[in-house]
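Reviewing the structure listed below.
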Amino acid sequence: MTSIPTLAAASLRDRATAVALECDHRGESHQFTFGEIDARSDRLAHVLAARGLVAGDRLAFYLANRLEIVDLWLACAKLGVIVVPINVLYRDREIRHILGDAEPKAVVTTAEQAAEFPAGTTCWMVDALDTEADAAPRAATVDGLSEATPAALVYTSGTTGLAKGAILTHGNFTSNAEALVREWRITATDRYLAVLPLFHVHGLGNGVHAWLASGCHMRLRERFDRATIVGEFDAYQPTLFFGVPTIYHRLLECDGDTARRIGQHTRLFVSGSAPLPAQVLETFHAAFGHVILERYGMTETLMNCSNPYAGERRAGSVGPALPHVQLRVRDEQGADLTDDALGELWVRGPNVCAGYWKRPDATAAAFVDGWFRTGDIGVRAADGYVTLHGRRSDLIISGGFNIYPREIEELLLEQPGVREASVVGVADAARGEVPVAYLVTDGPVDEARLRAALASQLASFKSPRAFVRVDALPRTALGKVQKHLLPKWEG
Ligand code: MCA
Ligand code: AMP
């Protein structure tokens, strides 16, 4: 375990002349060597330091995937500045909460996207920073970085409906990267096609850091686009691909020849962030000739479990705990359970975050004697394979993005005429789950108005697929809504 600059030096310095990254930049496709990536981030570090950023300060970014996120990430890591990624799909309410909580010195964004931020927010334009860095001298990495230095605050929805900032340290990222590179046999000869958003741990923690740790080649794309993905595979011929189940579902739309062709040059397909349906795994295997490797992680812990590279990749299971992670299945009182018994997963290791930013209450509730309570319910078989069975809370995962019903319910209750609201996840073949809202209202609901109100405040993936009017919500004697008793929505 080490700091991010030390981990990255194995590629940035030792493989300085190797081509590292291919992406669009200033309207054209460009290739950069590891040495150039190193220099870019050193120069940007100089600019950020000149703008007053010092170790421990927070700097947010609100950007779709682009080269400058890599520059920013490395520059901040070298300065000990804490990065706060903000999902570009977030809107007013989500953004205000993160800004108020993380108190970043500035937000790096584009002129167009800066419009999403409340007046008074210090926004730094990404293109201006980039131009300024072109002419800047190279700054040195600050002294005193260690594995315990915070590298990022990554916001993850809490059961209260308000997102909490998981404090992820340099050691969290480096220990995770070292494990994945070893376990998934990633080497400098790999070609990694990066389409997952860099504002989440899957794309950033796994993707960018496996690239830095292995010194492989990365092609960075703005996002996954089902219309262009086959062209990407054909042109780039990646050996390595990371996706969420929705992406694999979309890939199944390929015809047989295309699927075989893609399968021939790709070495490893990895899935995570949401359950991979066994049927997708099997259909994909038949079409592409690969058993997708499913792994399980969380923002707070990075990766916990992974199916093996060699050995059985078991359908429906997320595999055994990674070697650097200790995992227990425990009951409500925290007592260890036996093999095959259903309980909550607790984890401990260098992968687990340092707690929640400014939330001692939430940190105390999640950590017990150094163990982190994941909130995920599952079983471990005698051979160590873990199978997830849901969550303690009513988290909905749609296309790999998390949704806490409470956040939508609270906003619905603020709308005129809405007396009660309950949001549940319903199965969706492509996105895994989608939210559906049940409402008790005074008179008819104006769905268009509700949708507009939600869209102005929350990310579009949180917009309910349907609004269902009911006379009353089923409740327990204590008044708690019994979501499983709501009438089934049939689409
Ligand atoms: C989706 N949209 C985006 C992006 N992805 N906009 C900007 N950047 C993106 N990366 C918007 C679209 O504009 C559209 O918005 C809506 O989302 C649906 O997009 P569409 O292309 O129709 O959807 P799709 O074909 O179903 O694909 C969606 C997706 C996306 C690409 C699979 O859901 C996605 O990128 N998911 C990955 C999420 C992720 O990385 N999660 C990791 C967190 P509109 O509706 O307004 O038109 S969990 C984690 O990190 C833990 C540690 C873990 O275990 O990994
Ligand atoms: P996040 O808070 O966005 O980091 O999401 C983490 C949650 O995603 C975990 O607590 C799990 O509930 C879920 N998750 C991640 N990987 C998997 C997987 N392979 N199968 C099922 N659920 C998963």
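Note on naming: chains are A, B, ... as they come in the structure tokens, residues start from 1 per chain, ligands start from 1 in the order shown.
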Surroundings of ligand 1 up to 8 Å, based on only C-alpha atoms and all ligand atoms, as an NGL selection string: :A and (64-65 or 88-89 or 195-203 or 205 or 222-226 or 243-247 or 250 or 272-274 or 295-303 or 398-402 or 430-431 or 459-461)
Proximity to ligand 2 - best of A:Gln482, A:Ser317, A:Asn176, A:Asn351, only C-alpha atoms and all ligand atoms: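 With only C-alpha atoms and all ligand atoms as the atom set, the closest residue is A:Ser317.
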Residues within 7 Å of region 379-384 of chain A, please, as an mmCIF file with N, CA, C and O atoms, in the first residue's frame. Count only C-alpha atoms; anything in the same chain fewer than 2 positions from it doesn't count.
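Contents of the output file out_27.cif:
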data_model
loop_
_atom_site.group_PDB
_atom_site.id
_atom_site.type_symbol
_atom_site.label_atom_id
_atom_site.label_comp_id
_atom_site.auth_asym_id
_atom_site.auth_seq_id
_atom_site.Cartn_x
_atom_site.Cartn_y
_atom_site.Cartn_z
ATOM 1 N N PRO A 320 -15.339 -15.101 -4.080
ATOM 2 C CA PRO A 320 -14.796 -14.968 -2.722
ATOM 3 C C PRO A 320 -14.277 -13.567 -2.445
ATOM 4 O O PRO A 320 -14.067 -12.785 -3.369
ATOM 5 N N VAL A 329 -19.917 -12.712 7.645
ATOM 6 C CA VAL A 329 -21.374 -12.634 7.534
ATOM 7 C C VAL A 329 -21.888 -12.639 8.961
ATOM 8 O O VAL A 329 -21.584 -13.564 9.736
ATOM 9 N N ASP A 339 -21.348 -20.843 7.615
ATOM 10 C CA ASP A 339 -21.470 -20.922 6.158
ATOM 11 C C ASP A 339 -22.930 -21.128 5.776
ATOM 12 O O ASP A 339 -23.677 -21.824 6.477
ATOM 13 N N ASP A 340 -23.316 -20.564 4.673
ATOM 14 C CA ASP A 340 -24.658 -20.715 4.093
ATOM 15 C C ASP A 340 -25.772 -20.013 4.878
ATOM 16 O O ASP A 340 -26.938 -20.118 4.501
ATOM 17 N N ALA A 341 -25.421 -19.313 5.972
ATOM 18 C CA ALA A 341 -26.473 -18.597 6.717
ATOM 19 C C ALA A 341 -26.560 -17.168 6.174
ATOM 20 O O ALA A 341 -25.554 -16.546 5.828
ATOM 21 N N LEU A 342 -27.795 -16.662 6.107
ATOM 22 C CA LEU A 342 -28.048 -15.337 5.539
ATOM 23 C C LEU A 342 -27.794 -14.258 6.586
ATOM 24 O O LEU A 342 -28.344 -14.313 7.686
ATOM 25 N N GLY A 343 -26.974 -13.283 6.262
ATOM 26 C CA GLY A 343 -26.713 -12.199 7.205
ATOM 27 C C GLY A 343 -26.153 -10.990 6.489
ATOM 28 O O GLY A 343 -26.112 -10.944 5.258
ATOM 29 N N VAL A 386 -19.391 -15.794 -2.288
ATOM 30 C CA VAL A 386 -20.434 -14.980 -1.655
ATOM 31 C C VAL A 386 -21.561 -14.736 -2.658
ATOM 32 O O VAL A 386 -21.307 -14.468 -3.840
ATOM 33 N N THR A 387 -22.787 -14.853 -2.187
ATOM 34 C CA THR A 387 -23.949 -14.536 -3.014
ATOM 35 C C THR A 387 -24.741 -13.442 -2.316
ATOM 36 O O THR A 387 -25.043 -13.561 -1.123
ATOM 37 N N LEU A 388 -25.035 -12.370 -3.043
ATOM 38 C CA LEU A 388 -25.787 -11.256 -2.461
ATOM 39 C C LEU A 388 -27.286 -11.515 -2.602
ATOM 40 O O LEU A 388 -27.738 -12.031 -3.620
#
DSSP-assigned alpha helix (DSSP H) members of region 5-213 of chain A, reported as a PyMOL selection string: chain A and resi 5-12+34-50+67-79+92-102+126-134+170-183+201+209-213
For region 281-291 of chain A: contacts at 12 Å, only C-alpha atoms, fewer than 4 positions along chain excluded, given as a ChimeraX atom specification: /A:240-241,245-271,275-277,307-317
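Candidate residues A:Glu344, A:Asp92, A:Asp24, A:Asp446 were compared for distance to ligand 2, and the nearest is A:Glu344, using only C-alpha atoms and all ligand atoms.
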Interatomic distance, CA of Asp127 (chain A) to CA of Tyr62 (chain A) (Å, one decimal): 13.1 Å
DSSP strand (DSSP E) residues within region 32-210 of chain A, listed as a ChimeraX atom specification: /A:32-33,58-61,82-85,106-109,123-125,150-156,164-169,191-194
Please write the residues from the selection above to a file, keeping N, CA, C and O atoms, as a tab-separated table (two decimals), in the first residue's frame.
chain	number	residue	atom	x	y	z
A	32	PHE	N	-1.36	10.13	-25.93
A	32	PHE	CA	-0.42	10.72	-24.96
A	32	PHE	C	0.43	9.61	-24.36
A	32	PHE	O	-0.09	8.52	-24.05
A	33	THR	N	1.72	9.89	-24.17
A	33	THR	CA	2.58	8.91	-23.50
A	33	THR	C	2.41	9.08	-21.99
A	33	THR	O	1.89	10.11	-21.52
A	58	ARG	N	-10.54	20.94	-0.70
A	58	ARG	CA	-11.33	20.14	-1.62
A	58	ARG	C	-11.49	20.87	-2.95
A	58	ARG	O	-11.66	22.09	-2.98
A	59	LEU	N	-11.44	20.10	-4.03
A	59	LEU	CA	-11.69	20.63	-5.36
A	59	LEU	C	-12.67	19.68	-6.04
A	59	LEU	O	-12.41	18.48	-6.14
A	60	ALA	N	-13.82	20.23	-6.48
A	60	ALA	CA	-14.84	19.38	-7.10
A	60	ALA	C	-14.70	19.42	-8.62
A	60	ALA	O	-14.17	20.37	-9.17
A	61	PHE	N	-15.17	18.36	-9.29
A	61	PHE	CA	-15.33	18.44	-10.74
A	61	PHE	C	-16.72	17.96	-11.12
A	61	PHE	O	-17.30	17.09	-10.47
A	82	ILE	N	-8.03	17.14	-1.98
A	82	ILE	CA	-9.08	16.11	-1.98
A	82	ILE	C	-10.08	16.38	-3.11
A	82	ILE	O	-10.69	17.46	-3.16
A	83	VAL	N	-10.24	15.42	-3.99
A	83	VAL	CA	-11.12	15.59	-5.16
A	83	VAL	C	-12.55	15.20	-4.79
A	83	VAL	O	-12.78	14.19	-4.12
A	84	VAL	N	-13.50	16.01	-5.23
A	84	VAL	CA	-14.93	15.70	-5.00
A	84	VAL	C	-15.61	15.54	-6.36
A	84	VAL	O	-15.97	16.53	-7.00
A	85	PRO	N	-15.77	14.29	-6.83
A	85	PRO	CA	-16.44	14.11	-8.12
A	85	PRO	C	-17.94	14.32	-7.96
A	85	PRO	O	-18.53	13.85	-6.98
A	106	ALA	N	-13.40	25.27	-5.22
A	106	ALA	CA	-13.93	25.58	-6.55
A	106	ALA	C	-14.47	24.30	-7.18
A	106	ALA	O	-14.23	23.21	-6.68
A	107	VAL	N	-15.23	24.52	-8.26
A	107	VAL	CA	-15.74	23.38	-9.04
A	107	VAL	C	-15.18	23.52	-10.46
A	107	VAL	O	-15.34	24.58	-11.08
A	108	VAL	N	-14.54	22.48	-10.95
A	108	VAL	CA	-14.04	22.52	-12.32
A	108	VAL	C	-15.13	21.98	-13.24
A	108	VAL	O	-15.63	20.86	-13.03
A	109	THR	N	-15.52	22.80	-14.22
A	109	THR	CA	-16.63	22.41	-15.09
A	109	THR	C	-16.52	23.15	-16.41
A	109	THR	O	-15.52	23.82	-16.67
A	123	CYS	N	-16.68	28.67	-9.96
A	123	CYS	CA	-16.51	27.66	-11.01
A	123	CYS	C	-15.24	27.99	-11.80
A	123	CYS	O	-15.04	29.13	-12.20
A	124	TRP	N	-14.38	27.00	-11.99
A	124	TRP	CA	-13.19	27.17	-12.82
A	124	TRP	C	-13.44	26.43	-14.12
A	124	TRP	O	-13.77	25.23	-14.11
A	125	MET	N	-13.28	27.15	-15.23
A	125	MET	CA	-13.56	26.55	-16.53
A	125	MET	C	-12.42	25.61	-16.93
A	125	MET	O	-11.25	25.98	-16.93
A	150	PRO	N	-6.24	11.61	2.66
A	150	PRO	CA	-7.49	11.54	1.89
A	150	PRO	C	-7.25	11.96	0.44
A	150	PRO	O	-6.55	12.94	0.19
A	151	ALA	N	-7.82	11.22	-0.48
A	151	ALA	CA	-7.67	11.52	-1.91
A	151	ALA	C	-8.98	12.03	-2.50
A	151	ALA	O	-8.97	12.81	-3.44
A	152	ALA	N	-10.11	11.55	-1.96
A	152	ALA	CA	-11.39	11.93	-2.57
A	152	ALA	C	-12.51	11.85	-1.53
A	152	ALA	O	-12.44	11.08	-0.58
A	153	LEU	N	-13.52	12.70	-1.76
A	153	LEU	CA	-14.80	12.52	-1.06
A	153	LEU	C	-15.77	12.09	-2.14
A	153	LEU	O	-16.05	12.87	-3.06
A	154	VAL	N	-16.25	10.87	-2.05
A	154	VAL	CA	-17.19	10.41	-3.07
A	154	VAL	C	-18.55	10.26	-2.40
A	154	VAL	O	-18.70	9.52	-1.42
A	155	TYR	N	-19.52	11.00	-2.95
A	155	TYR	CA	-20.85	11.04	-2.32
A	155	TYR	C	-21.68	9.84	-2.71
A	155	TYR	O	-21.76	9.46	-3.87
A	156	THR	N	-22.26	9.23	-1.71
A	156	THR	CA	-23.07	8.04	-1.93
A	156	THR	C	-24.33	8.22	-1.10
A	156	THR	O	-24.28	8.71	0.03
A	164	LYS	N	-23.83	11.06	1.63
A	164	LYS	CA	-22.71	11.25	2.56
A	164	LYS	C	-21.41	11.13	1.78
A	164	LYS	O	-21.32	10.31	0.86
A	165	GLY	N	-20.41	11.89	2.19
A	165	GLY	CA	-19.12	11.83	1.49
A	165	GLY	C	-18.22	10.78	2.11
A	165	GLY	O	-17.76	10.93	3.24
A	166	ALA	N	-17.98	9.70	1.37
A	166	ALA	CA	-17.05	8.68	1.86
A	166	ALA	C	-15.63	9.23	1.67
A	166	ALA	O	-15.27	9.67	0.58
A	167	ILE	N	-14.85	9.22	2.76
A	167	ILE	CA	-13.48	9.74	2.68
A	167	ILE	C	-12.57	8.61	2.21
A	167	ILE	O	-12.25	7.69	2.97
A	168	LEU	N	-12.21	8.66	0.93
A	168	LEU	CA	-11.37	7.60	0.36
A	168	LEU	C	-9.92	8.06	0.37
A	168	LEU	O	-9.60	9.17	-0.10
A	169	THR	N	-9.06	7.24	0.90
A	169	THR	CA	-7.65	7.61	1.05
A	169	THR	C	-6.81	7.11	-0.13
A	169	THR	O	-7.26	6.27	-0.92
A	191	ARG	N	-5.21	-3.55	-23.35
A	191	ARG	CA	-5.84	-2.37	-23.96
A	191	ARG	C	-7.21	-2.24	-23.31
A	191	ARG	O	-8.07	-3.11	-23.48
A	192	TYR	N	-7.39	-1.16	-22.55
A	192	TYR	CA	-8.59	-1.00	-21.73
A	192	TYR	C	-9.51	0.05	-22.36
A	192	TYR	O	-9.12	1.20	-22.52
A	193	LEU	N	-10.71	-0.36	-22.70
A	193	LEU	CA	-11.71	0.57	-23.26
A	193	LEU	C	-12.54	1.13	-22.10
A	193	LEU	O	-13.31	0.40	-21.47
A	194	ALA	N	-12.37	2.43	-21.83
A	194	ALA	CA	-13.00	3.07	-20.66
A	194	ALA	C	-14.22	3.86	-21.08
A	194	ALA	O	-14.11	4.90	-21.73
Residue nearest Thr338 (chain A) among A:Leu293, A:Trp211, A:Gly378, A:His484 (counting only C-alpha atoms): A:Gly378
Best match for closeness to ligand 2 among A:His389, A:Arg419, A:Arg221, A:His170, counting only C-alpha atoms and all ligand atoms: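 Of A:His389, A:Arg419, A:Arg221, A:His170, the one nearest ligand 2 is A:His389, counting only C-alpha atoms and all ligand atoms.
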Long-range neighbours of region 38-55 of chain A as a list in words, 7 Å cut-off, only C-alpha atoms, 3 positions minimum in chain: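 Skipping anything fewer than 3 positions along the chain leaves Leu12, Phe34, Gly35, Asp71, Leu72, Leu74, Ala75, Cys76, Leu79, Gly80, Val81, Ala133, Ala136, Pro137, Arg138, Ala139 and Ala140 of chain A.
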Atom-to-atom span, CA of Ala135 (chain A) and CA of Ile37 (chain A), Å: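 Value for the CA of Ala135 (chain A)-CA of Ile37 (chain A) distance: 15.1 Å.
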Gap from CA of Cys305 (chain A) to atom 21 (C, counted along the ligand's line) of ligand 2 - Å, one decimal: 10.6 Å
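By chain and then residue number, the residues within 9 Å of Leu412 (chain A) are Glu407, Ile408, Glu409, Glu410, Glu414, Gln415, Pro416, Val418, Arg419, Glu420, Ala421, Ala437, Leu439, Leu450, Ala453 and Leu454 of chain A, counting only C-alpha atoms and disregarding those fewer than 2 positions away in sequence.
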